[in-house]
Structures are given as C-alpha cells and as structure tokens.
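J.: Have a look at this one.
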Amino acid sequence: SGNADRSFNPTQYRTAQDYTSMFLSARAYEGDSQARFEIERSRCISEYVRRKGNPGQVVWRLRKVTEARTDTFGSFQQFLDGQQYTINGVLRYERIFGQGFVSTGGPTTTAEYTGMLDLQEGQRVLDVGCGIGGGDFYMADTFGVQVVGCDLSSNMVNIALERAYQLGSRLVSFEIADATTTDFGEATFDVVYSRDTILHIEDKLSLFQSFLRFLRPGGKLLITDYCGIEPENRSESFASYVAQRGYHLLTPEGYGQVLEEAGFTNVVARNATDTFVRMLE
C-alpha cells in the first residue's frame, strides 16, 4: 500500500479530548460492580514538541479500576472534570479572566509574579495546576524558558493542548498528571510555579518535599493559593462551602511554616488578598 498513489488521506485525526472521552466513558459491568479506566498520566511526546512544535502526539497511561456501581464520582479527577471544571465551566472562567487564564488577574498577575523569578532563557519550569496554559505560553514567549504544565483535570489539559497546537510553541508541553504521585525526577527544574491549585491537596508537606526534590540547587518555588482563617473561627456557611468543595485551606502563616518544614529557605508568605480584590473590582 505504501507504493500506491492515493487521492485521500486515510488517517483519522482525533483531538486529545476525543481520545480522553473515549477512554473515560468505557465501562464493563458485572453484577453490582463496574470497571473503568483512570488516567494515571498523559503527556505530549517531547521530541515532537521540541522539533516540530507539534503537541498533538500524545501518550496515555491508563489504569483499570473496579468499583461498586454508583452515581457519585469515583475519583478526585472525575470530580474535577465532572463538576468543578467542566469544559463549559473552564471556558466561562476564561471569559472572565482573559484568554488562556482561569484564575484571578489573568495576564496581569502572571506578569507580576513571574517577574519575581528572574527567569533566564533555557531554564526549565514546572507549572503545577497549569489550567489551560496561559501562564506557560507567557513564560515561554517572554523569557524563553521551557515549561512543563501539569494538571489533574483532563479538561484543562486538553484545552491547553488545543491552544498549544494553534500556537505551535516548541517550548511548552502539557501533562495530565497527579502532582502528589508523579515523579518528575530529581533536580530537573529551575522553578516550580503553581497558581491557585494546592488548596485541593490535603498533604501539602509531602507535596512540597517533592517540589524540593524536583528543583535544582538554588531553584525557586512560587505559589499563589487560596488561604483561610483558622477552622474554629470560620462561619458555618463558609465551613460548609469549604467542605463541599473539598478544599484544604491554611492561613498564610501556616503555609509558610509547612514550606519551611519541607526544607525550603528564605520563605516569604504574604497575604495578597488586597491585590486580588482589586483585580476583581
């Protein structure tokens, strides 16, 4: 067939979202149990990104999960994609915060906070909770750094991949990955960057210890996140909201203490509420 002339292209092109939907909708039923796939990790093939600016070559690693039949979400990833960050919901966030962004301040706060990092061309950045990639494209275009964006939400990453394909960037790649369990390797990044994401994670100490291992000597960590007052001082309505959303909130001071316990030095923990309130006005 390779020697035959063809008047058509037999390749069936599908988006990453198409494949993800097929993988995650597959079910096998037996009695009161069901089996499904869970995405352990999915990422662009880096050589295609680096050489061709093509993020469309993607590899998935799936795990078979057997569980009782239920109408509730079977995993945190399902909760994120099925309730908190549906595709339509993500696109609504983007309309509020600016193209490529799903968190407060969009390009304005991104420029402010990345400006604190003294990023240099050729450095490597890990963006944990990358959303749809606006901050990653900004860092690559502005500073010439290589960025790996990871997010547990497949909806977020698949939208980011579509944008990456349109832009043809050779410096940005994306992964569906759980930052609490994925090993990105020792001393592989110059910067770990995370915006408004870690409130979802209860065991912050273990996560920060992993960040420290991923960083090269002298590497930097920058986090913005939602914090809260001590649980005993929260109103009943706010406590109920936090529980319903599955958030794990620390005070700014508590955040800094956990970072120091993880082994970071020169820690600055600052309450930036006034800045973000101004952005929302």
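Simple scheme: letters A, B, ... for chains in structure tokens order, numbers from 1 for residues in each chain, numbers from 1 for ligands in the order shown.
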Applying 7 Å and only C-alpha atoms, which residues near Ile45 in chain A remain after dropping the ones on its own chain fewer than 3 positions away? List them as a ChimeraX atom specification.
T.: /A:48-49,57-59
J.: List the spatial neighbours of Gln120 in chain A as a ChimeraX atom specification - criterion: any atom at most 9 Å away, only C-alpha atoms, same-chain residues fewer than 3 positions off excluded.
T.: /A:117,123,143-145
J.: Quick one: residues within 12 Å of range 93-110 of chain A, only C-alpha atoms counted, chain neighbours fewer than 6 positions away excluded, as a ChimeraX atom specification?
T.: /A:84-87,116-117,129-139,142,156-157,159-164,167,193-197,222-226,272-273,275-281
J.: Deliver the residues from the most recent selection as a file, using N, CA and C atoms, as a CSV table (one decimal), in the first residue's frame.
T.:
```csv
chain,number,residue,atom,x,y,z
A,84,GLN,N,-16.4,20.5,39.0
A,84,GLN,CA,-15.8,21.8,39.2
A,84,GLN,C,-15.2,22.4,38.0
A,85,TYR,N,-14.6,21.6,37.1
A,85,TYR,CA,-14.0,22.2,35.9
A,85,TYR,C,-14.5,21.5,34.6
A,86,THR,N,-15.8,21.5,34.4
A,86,THR,CA,-16.4,21.1,33.2
A,86,THR,C,-15.8,21.9,32.0
A,87,ILE,N,-15.9,21.4,30.8
A,87,ILE,CA,-15.4,22.2,29.7
A,87,ILE,C,-16.1,23.6,29.6
A,116,MET,N,9.0,38.1,39.5
A,116,MET,CA,9.8,37.9,40.7
A,116,MET,C,10.8,36.8,40.6
A,117,LEU,N,10.8,36.0,39.5
A,117,LEU,CA,11.6,34.8,39.5
A,117,LEU,C,12.9,34.9,38.8
A,129,GLY,N,-0.7,22.5,38.2
A,129,GLY,CA,-2.0,23.1,38.2
A,129,GLY,C,-2.1,24.2,37.1
A,130,CYS,N,-1.6,23.8,35.9
A,130,CYS,CA,-1.4,24.7,34.8
A,130,CYS,C,-2.6,25.3,34.2
A,131,GLY,N,-3.8,24.7,34.4
A,131,GLY,CA,-5.0,25.1,33.8
A,131,GLY,C,-4.9,25.0,32.3
A,132,ILE,N,-5.3,26.0,31.6
A,132,ILE,CA,-5.4,25.9,30.1
A,132,ILE,C,-4.1,26.6,29.5
A,133,GLY,N,-3.1,26.9,30.3
A,133,GLY,CA,-1.8,27.1,29.7
A,133,GLY,C,-1.4,28.6,29.5
A,134,GLY,N,-2.3,29.5,29.8
A,134,GLY,CA,-1.9,30.9,29.5
A,134,GLY,C,-0.6,31.4,30.2
A,135,GLY,N,-0.4,31.0,31.4
A,135,GLY,CA,0.8,31.4,32.1
A,135,GLY,C,2.1,30.7,31.5
A,136,ASP,N,1.9,29.5,31.0
A,136,ASP,CA,3.0,28.8,30.4
A,136,ASP,C,3.4,29.4,29.1
A,137,PHE,N,2.5,29.7,28.2
A,137,PHE,CA,2.8,30.4,27.0
A,137,PHE,C,3.4,31.8,27.2
A,138,TYR,N,3.0,32.5,28.3
A,138,TYR,CA,3.5,33.8,28.6
A,138,TYR,C,5.0,33.6,29.0
A,139,MET,N,5.3,32.7,29.9
A,139,MET,CA,6.7,32.5,30.3
A,139,MET,C,7.6,32.1,29.2
A,142,THR,N,7.9,35.2,26.8
A,142,THR,CA,8.6,36.4,27.4
A,142,THR,C,10.0,36.1,27.8
A,156,MET,N,-8.9,20.6,31.5
A,156,MET,CA,-7.9,21.7,31.4
A,156,MET,C,-6.8,21.4,30.4
A,157,VAL,N,-6.2,20.3,30.6
A,157,VAL,CA,-5.0,19.9,29.7
A,157,VAL,C,-5.4,19.8,28.3
A,159,ILE,N,-7.8,21.4,26.6
A,159,ILE,CA,-8.0,22.7,26.1
A,159,ILE,C,-6.6,23.3,25.9
A,160,ALA,N,-5.7,23.2,26.9
A,160,ALA,CA,-4.3,23.7,26.7
A,160,ALA,C,-3.6,23.1,25.5
A,161,LEU,N,-3.8,21.8,25.2
A,161,LEU,CA,-3.2,21.2,24.0
A,161,LEU,C,-3.8,21.8,22.8
A,162,GLU,N,-5.0,22.1,22.7
A,162,GLU,CA,-5.6,22.7,21.5
A,162,GLU,C,-5.0,24.1,21.3
A,163,ARG,N,-4.8,24.8,22.4
A,163,ARG,CA,-4.1,26.2,22.2
A,163,ARG,C,-2.7,26.0,21.8
A,164,ALA,N,-2.0,25.0,22.4
A,164,ALA,CA,-0.6,24.8,22.0
A,164,ALA,C,-0.5,24.4,20.5
A,167,LEU,N,-0.7,27.5,18.5
A,167,LEU,CA,0.4,28.5,18.6
A,167,LEU,C,1.7,27.9,18.1
A,193,TYR,N,6.3,26.4,39.8
A,193,TYR,CA,5.3,27.5,39.8
A,193,TYR,C,3.9,26.9,39.9
A,194,SER,N,3.1,27.5,40.8
A,194,SER,CA,1.8,27.0,40.9
A,194,SER,C,0.8,28.1,41.3
A,195,ARG,N,-0.3,28.2,40.6
A,195,ARG,CA,-1.2,29.3,40.8
A,195,ARG,C,-2.6,28.7,41.2
A,196,ASP,N,-3.0,29.0,42.5
A,196,ASP,CA,-4.4,28.8,42.9
A,196,ASP,C,-4.8,27.4,42.7
A,197,THR,N,-4.0,26.4,43.1
A,197,THR,CA,-4.3,25.0,42.9
A,197,THR,C,-4.2,24.1,44.1
A,222,LEU,N,7.4,29.3,43.5
A,222,LEU,CA,6.4,30.4,43.6
A,222,LEU,C,5.0,29.8,43.6
A,223,ILE,N,4.3,30.1,44.7
A,223,ILE,CA,2.9,29.6,44.8
A,223,ILE,C,2.0,30.8,45.1
A,224,THR,N,0.8,30.9,44.5
A,224,THR,CA,-0.3,31.7,45.0
A,224,THR,C,-1.4,30.7,45.2
A,225,ASP,N,-2.1,30.9,46.3
A,225,ASP,CA,-3.2,29.9,46.6
A,225,ASP,C,-4.2,30.6,47.5
A,226,TYR,N,-5.4,30.0,47.6
A,226,TYR,CA,-6.4,30.5,48.5
A,226,TYR,C,-6.1,30.0,49.9
A,272,ALA,N,-1.9,38.3,50.1
A,272,ALA,CA,-2.1,39.2,48.9
A,272,ALA,C,-3.6,39.4,48.6
A,273,THR,N,-4.4,39.3,49.7
A,273,THR,CA,-5.9,39.5,49.5
A,273,THR,C,-6.2,40.8,48.8
A,275,THR,N,-4.5,42.7,46.8
A,275,THR,CA,-4.2,42.7,45.4
A,275,THR,C,-5.3,42.0,44.6
A,276,PHE,N,-5.7,40.8,45.0
A,276,PHE,CA,-6.7,40.1,44.3
A,276,PHE,C,-8.1,40.7,44.3
A,277,VAL,N,-8.4,41.3,45.4
A,277,VAL,CA,-9.7,42.0,45.5
A,277,VAL,C,-9.7,43.2,44.4
A,278,ARG,N,-8.6,43.9,44.3
A,278,ARG,CA,-8.5,45.0,43.3
A,278,ARG,C,-8.7,44.4,41.9
A,279,MET,N,-8.1,43.2,41.6
A,279,MET,CA,-8.3,42.6,40.3
A,279,MET,C,-9.7,42.2,40.0
A,280,LEU,N,-10.5,41.9,41.0
A,280,LEU,CA,-11.9,41.5,40.8
A,280,LEU,C,-12.8,42.7,40.7
A,281,GLU,N,-12.4,43.9,41.1
A,281,GLU,CA,-13.3,45.0,41.1
A,281,GLU,C,-13.5,45.6,39.7
```
J.: Just asking: which residues within range 25-186 of chain A are strand (DSSP E or B) according to DSSP, as a PyMOL selection string?
T.: chain A and resi 27-30+33-44+58-68+124-128+146-151+172-177
J.: Could I get the residues of range 50-151 of chain A with an atom no further than 10 Å from an atom of range 240-250 of chain A, each paired with its nearest atom pair and that distance in Å to one decimal, using only C-alpha atoms, sorted by chain and residue number, as JSON lines?
T.:
```
{"residue": "A:Phe76", "atom": "CA", "partner": "A:Gly246", "partner_atom": "CA", "distance": 9.5}
{"residue": "A:Phe79", "atom": "CA", "partner": "A:Arg245", "partner_atom": "CA", "distance": 9.7}
{"residue": "A:Leu80", "atom": "CA", "partner": "A:Arg245", "partner_atom": "CA", "distance": 10.0}
{"residue": "A:Gln83", "atom": "CA", "partner": "A:Arg245", "partner_atom": "CA", "distance": 9.9}
{"residue": "A:Gln84", "atom": "CA", "partner": "A:Arg245", "partner_atom": "CA", "distance": 8.3}
```
J.: Write a file of the selected residues as a short mmCIF file (atom, residue, chain, number, x, y, z; two decimals), in the first residue's frame, keeping all heavy atoms.
T.:
```
data_model
loop_
_atom_site.label_atom_id
_atom_site.label_comp_id
_atom_site.auth_asym_id
_atom_site.auth_seq_id
_atom_site.Cartn_x
_atom_site.Cartn_y
_atom_site.Cartn_z
N PHE A 76 -11.07 11.80 42.45
CA PHE A 76 -10.98 13.25 42.50
C PHE A 76 -10.92 13.82 41.09
O PHE A 76 -11.47 14.89 40.81
CB PHE A 76 -9.76 13.66 43.32
CG PHE A 76 -9.63 15.14 43.51
CD1 PHE A 76 -10.70 15.89 43.99
CD2 PHE A 76 -8.45 15.79 43.21
CE1 PHE A 76 -10.59 17.26 44.17
CE2 PHE A 76 -8.33 17.16 43.39
CZ PHE A 76 -9.41 17.90 43.87
N PHE A 79 -14.33 14.13 39.82
CA PHE A 79 -14.99 15.28 40.45
C PHE A 79 -14.59 16.57 39.75
O PHE A 79 -15.43 17.43 39.44
CB PHE A 79 -14.63 15.33 41.93
CG PHE A 79 -14.97 16.64 42.60
CD1 PHE A 79 -16.28 16.97 42.89
CD2 PHE A 79 -13.97 17.54 42.93
CE1 PHE A 79 -16.59 18.19 43.51
CE2 PHE A 79 -14.27 18.75 43.54
CZ PHE A 79 -15.59 19.07 43.82
N LEU A 80 -13.28 16.73 39.49
CA LEU A 80 -12.82 17.95 38.84
C LEU A 80 -13.43 18.11 37.46
O LEU A 80 -13.95 19.18 37.10
CB LEU A 80 -11.29 17.94 38.73
CG LEU A 80 -10.49 18.07 40.03
CD1 LEU A 80 -9.00 17.98 39.75
CD2 LEU A 80 -10.82 19.37 40.76
N GLN A 83 -17.58 18.13 37.65
CA GLN A 83 -18.33 19.13 38.41
C GLN A 83 -17.61 20.47 38.47
O GLN A 83 -18.16 21.49 38.04
CB GLN A 83 -18.59 18.63 39.83
CG GLN A 83 -19.34 19.65 40.71
CD GLN A 83 -19.81 19.06 42.01
OE1 GLN A 83 -20.38 17.97 42.03
NE2 GLN A 83 -19.59 19.76 43.11
N GLN A 84 -16.40 20.48 38.97
CA GLN A 84 -15.76 21.76 39.23
C GLN A 84 -15.20 22.41 37.98
O GLN A 84 -15.27 23.63 37.83
CB GLN A 84 -14.65 21.59 40.26
CG GLN A 84 -14.11 22.91 40.77
CD GLN A 84 -13.63 22.83 42.21
OE1 GLN A 84 -13.68 21.78 42.83
NE2 GLN A 84 -13.15 23.93 42.73
#
```
J.: How many Å lie between CA of Gln209 in chain A and CA of Gly263 in chain A, rounded to one decimal?
T.: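 Straight-line distance from CA of Gln209 in chain A to CA of Gly263 in chain A works out to 7.2 Å.
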J.: Write out as a ChimeraX atom specification which residues come within 9 Å of Ala26 in chain A when counting only C-alpha atoms, dropping same-chain ones fewer than 3 positions away.
T.: /A:21-23,35-37
J.: Please dump the current selection as a PDB file, in the first residue's frame; keep C-alpha atoms.
T.:
```pdb
ATOM      1  CA  SER A  21     -13.646  10.986  26.297  1.00  0.00           C
ATOM      2  CA  MET A  22     -13.497   7.524  24.760  1.00  0.00           C
ATOM      3  CA  PHE A  23     -11.121   6.206  27.414  1.00  0.00           C
ATOM      4  CA  ALA A  35     -14.721  -1.459  35.648  1.00  0.00           C
ATOM      5  CA  ARG A  36     -13.451   1.753  34.089  1.00  0.00           C
ATOM      6  CA  PHE A  37     -10.222   3.413  33.037  1.00  0.00           C
TER       7      PHE A  37
END
```
J.: How many Å separate CA of Arg213 in chain A from CA of Tyr255 in chain A?
T.: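 That distance, rounded to one decimal, is 18.5 Å.
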J.: Report as a PyMOL selection string all protein, DNA and RNA residues lying within 7 Å of Trp60 in chain A, evaluated on only C-alpha atoms, omitting residues in the same chain fewer than 5 positions from it.
T.: chain A and resi 41-43
